[in-house]
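*Asks:* Here's a structure for you.
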Number of protein chains: 2
Amino acid sequence: MVVIGFLGPRGTFSQEAVKYYMENIRDNSDKAEEKEQNIIEQPFSSIKDMFLSLKKGEISEAIVPIENSIEGAVNETLDLLASDMDLSIKAEVIIPVKQNLLVREGTSFDDIEYIISHPQPVGQCREFISEKLPNAEIKLVYSTARAAEIVSGGEYGLKAASIGSSVAADVYGLKILAENIQDNDNNFTRFVVISDKDGERTGKDKTSLVFSTENKPGSLYRILAIFNLWDINMTRIESRPAKKKLGQYIFFVDIEGHREDDDVKDALTMIKRKTSFFRLLGSYPAQNHSRTQSQVGK
Amino acid sequence: MVVIGFLGPRGTFSQEAVKYYMENIRDNSDKAEEKEQNIIEQPFSSIKDMFLSLKKGEISEAIVPIENSIEGAVNETLDLLASDMDLSIKAEVIIPVKQNLLVREGTSFDDIEYIISHPQPVGQCREFISEKLPNAEIKLVYSTARAAEIVSGGEYGLKAASIGSSVAADVYGLKILAENIQDNDNNFTRFVVISDKDGERTGKDKTSLVFSTENKPGSLYRILAIFNLWDINMTRIESRPAKKKLGQYIFFVDIEGHREDDDVKDALTMIKRKTSFFRLLGSYPAQNHSRTQSQVGK
């Protein structure tokens with residue numbers, strides 16, 4: 001039996017990512033016999049609980065958000081990857097964030113007096129709200145699932161709507177009154193699949209690492225010079241506080257290539273020697289998100 | 001009259017930053033006649049509203065959080081600085097984040113059954129809570145001010161506590177039952193003071209800029225090479241999504257020196273030519289946060 005953890009509750013974009021991963025990525029890379037096994041999707045209430053459960057061997061894989069094209073990095077994921085849990089990235093999954101206006105069956109636009117939502121979807125749908133529901137009162141709650149649950153519960157009758165994924169509509173028995181209501185069509189979330197081992201070489205891979213430099217002028221520059229020397233393309237650099245002192249940072253870097261490629265192997269050996277903290281987060285097949293967009297798009 | 005905006009409501013760490021700025025930084029740098037003027041502190045409900053008000057000339061300066069030594073960057077501030085409002089950083093202010101357990105007069109530890117708080121202070125005081133209040137039920141609310149207000153309002157009698165700054169205790173008439181209850185003593189927030197012009201040269205300055213590189217391999221490396229060539233120390237690099245496409249970023253960089261220093265001026269001229277988007281955010285006196293710590297510490 002294979003158990004895959006995701007950030008719950010059910011009906012979030014994380015569950016959409018699990019679905020996409022299992023249908024399009026996992027079965028291509030994992031052994032044939034695993035396809036025959038039962039796969040269970042298990043929701044977790046926090047990213048940290050998911051990492052702990054994985055570390056204890058209670059689940060086999062965890063799918064966690066790592067960056068969004070509008071909001072930026074998911075700090076909790078980065079901080080856990082840098083911690084000493086020593087888990088690896090075995091895959092990446094990129095899905096579009098499509099928001100929908102969710103209502104109880106029978107509700108029309110004219111009925112809606114309240115929008116019940118977490119602040120993030122409201123921020124992502126400002127244009128739609130000011131155009132179609134300019135007089136609705138916005139009531140902020142702590143999660144998108146809680147918002148859907150309140151609308152579904154019926155305490156507001158047919159006067160309330162919430163904002164969420166199409167999976168949330170299924171889970172809470174709500175109707176989609178308007179779909180793709182987000183202001184920005186370039187809203188994608190990149191998830192990573194965490195496991196006890198990383199991915200095998202496919203020829204089109206990425207490698208993630210995290211390190212801290214010595215605290216002296218030019219030390220980050222000298223690390224990046226190593227990638228440049230070995231002609232390795234860096235696709236992302238993200239800094240997080242080292243948490244010891246304001247002004248000290250750790251750096252998350254994604255590069256093209258697999259850790260078993262000769263150039264990558266040499267560069268990583270050098271970087272390990274030139275950094276005060278170094279952790280290889282793993283190599284995994286690179287996804288092309290334009291392709292993902294058309295495959296997932298509705 | 002000078003009006004300084006800060007992120008309200010009253011009683012937050014932002015108001016502590018305003019106080020520190022006026023007492024220790026502003027009066028040293030601004031003209032003597034301004035000291036005689038009336039200074040008004042005006043709370044705003046969002047960082048964006050504060051920027052808009054500054055742009056319209058309704059306030060003279062705005063003090064906004066930009067990074068925290070544990071949580072990392074404040075994304076809203078970075079995104080507004082990169083926008084075309086064309087405002088400048090004229091000062092930085094660094095203050096320690098000290099959390100306190102706030103209760104109604106007459107409450108003792110044994111009375112406390114509920115902790116009413118925003119999730120962030122709860123996250124910062126986990127060790128204290130599990131040691132001193134392991135059985136308290138945590139009720140999450142949307143702001144630290146709202147939490148203090150609920151405790152102050154008395155609906156829970158003497159059974160509730162909230163977590164917040166010492167300024168919040170004053171504003172909401174609460175008593176500090178325990179002080180400095182945060183797990184980590186390295187918790188500092190760096191604020192910047194935004195205005196229509198940046199700071200004059202003092203000889204010990206920092207300069208902030210934001211740029212995006214051409215979307216080809218090694219382009220960030222080549223920008224950092226310019227700083228290296230001119231022997232300029234970079235104290236911070238932070239990436240944010242360009243919001244056009246997943247995988248494209250803009251970079252916020254802080255360097256040592258003033259934009260009028262010869263080397264800095266030359267390097268910035270080169271960088272402006274080698275980037276597809278460039279904005280100088282301003283030069284301002286560098287603060288030493290160890291010194292700040294001892295001056296602000298209680």
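Naming scheme: A, B, ... for chains in displayed order of the structure tokens; residues 1 onward per chain; ligands 1 onward as shown.
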Give me, as a VMD selection string, all polymer residues having an atom no more than 7 Å from A:Gly72, counting only C-alpha atoms and skipping those fewer than 4 positions away in the same chain.

*Replies:* (chain A and resid 67 to 68) or (chain B and resid 240 to 241)

*Asks:* If you count only C-alpha atoms, which residues fall within 12 Å of B:Asp183, apart from same-chain ones fewer than 3 positions away, as a PyMOL selection string?

*Replies:* (chain A and resi 243) or (chain B and resi 70+97-100+121-131+179-180+186-187)

*Asks:* Can you pull out every residue within 12 Å of B:Ser46, counting only C-alpha atoms, but drop anything in the same chain fewer than 5 positions away, and send it as a PyMOL selection string?

*Replies:* chain B and resi 5-9+14+51-53+62-65+76-77+80

*Asks:* Would you list which chain A residues are within 9 Å of chain B using only C-alpha atoms, as a VMD selection string?

*Replies:* chain A and resid 67 to 73 75 140 to 142 184 186 to 190 216 to 218 220 to 221 224 to 225 227 to 228 231 to 249 289

*Asks:* Could you check which of A:Ile39, A:Ile163, A:Leu102, A:Leu268 is closest to A:Trp230, using only C-alpha atoms?

*Replies:*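 Answer, going by the shortest atom-to-atom distance: A:Leu268.
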
*Asks:* Could you pull out the strand (DSSP E or B) residues of stretch 4-119 of chain B from DSSP and send them as a PyMOL selection string?

*Replies:* chain B and resi 4-7+39-44+61-68+72-73+88-96+100-103+114-117

*Asks:* List as a compact mmCIF listing (two decimals) with N, CA and C atoms, in the first residue's frame the protein and nucleic acid residues near A:Lys197, meaning an atom at most 9 Å away when only C-alpha atoms are counted, but skip any in the same chain fewer than 2 places from it.

*Replies:*
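To be explicit, this is the file written out as part_35.txt:
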# COMPACT_ATOMS: atom_id res chain seq x y z
N LEU A 87 15.08 14.73 4.04
CA LEU A 87 14.18 14.13 3.05
C LEU A 87 14.52 14.71 1.67
N SER A 88 14.11 14.01 0.62
CA SER A 88 14.51 14.41 -0.74
C SER A 88 13.32 14.75 -1.63
N ILE A 89 13.59 15.56 -2.64
CA ILE A 89 12.58 15.88 -3.64
C ILE A 89 12.68 14.84 -4.77
N LYS A 90 11.59 14.14 -5.07
CA LYS A 90 11.66 13.14 -6.13
C LYS A 90 10.89 13.55 -7.38
N ILE A 194 7.92 14.92 -1.86
CA ILE A 194 9.01 14.63 -0.92
C ILE A 194 8.96 13.15 -0.56
N SER A 195 10.14 12.54 -0.49
CA SER A 195 10.21 11.12 -0.17
C SER A 195 11.56 10.84 0.50
N GLY A 199 14.77 11.36 -7.41
CA GLY A 199 14.38 10.72 -8.66
C GLY A 199 15.56 10.20 -9.46
N GLY A 282 17.91 16.98 -3.80
CA GLY A 282 17.52 15.92 -4.72
C GLY A 282 17.42 16.35 -6.17
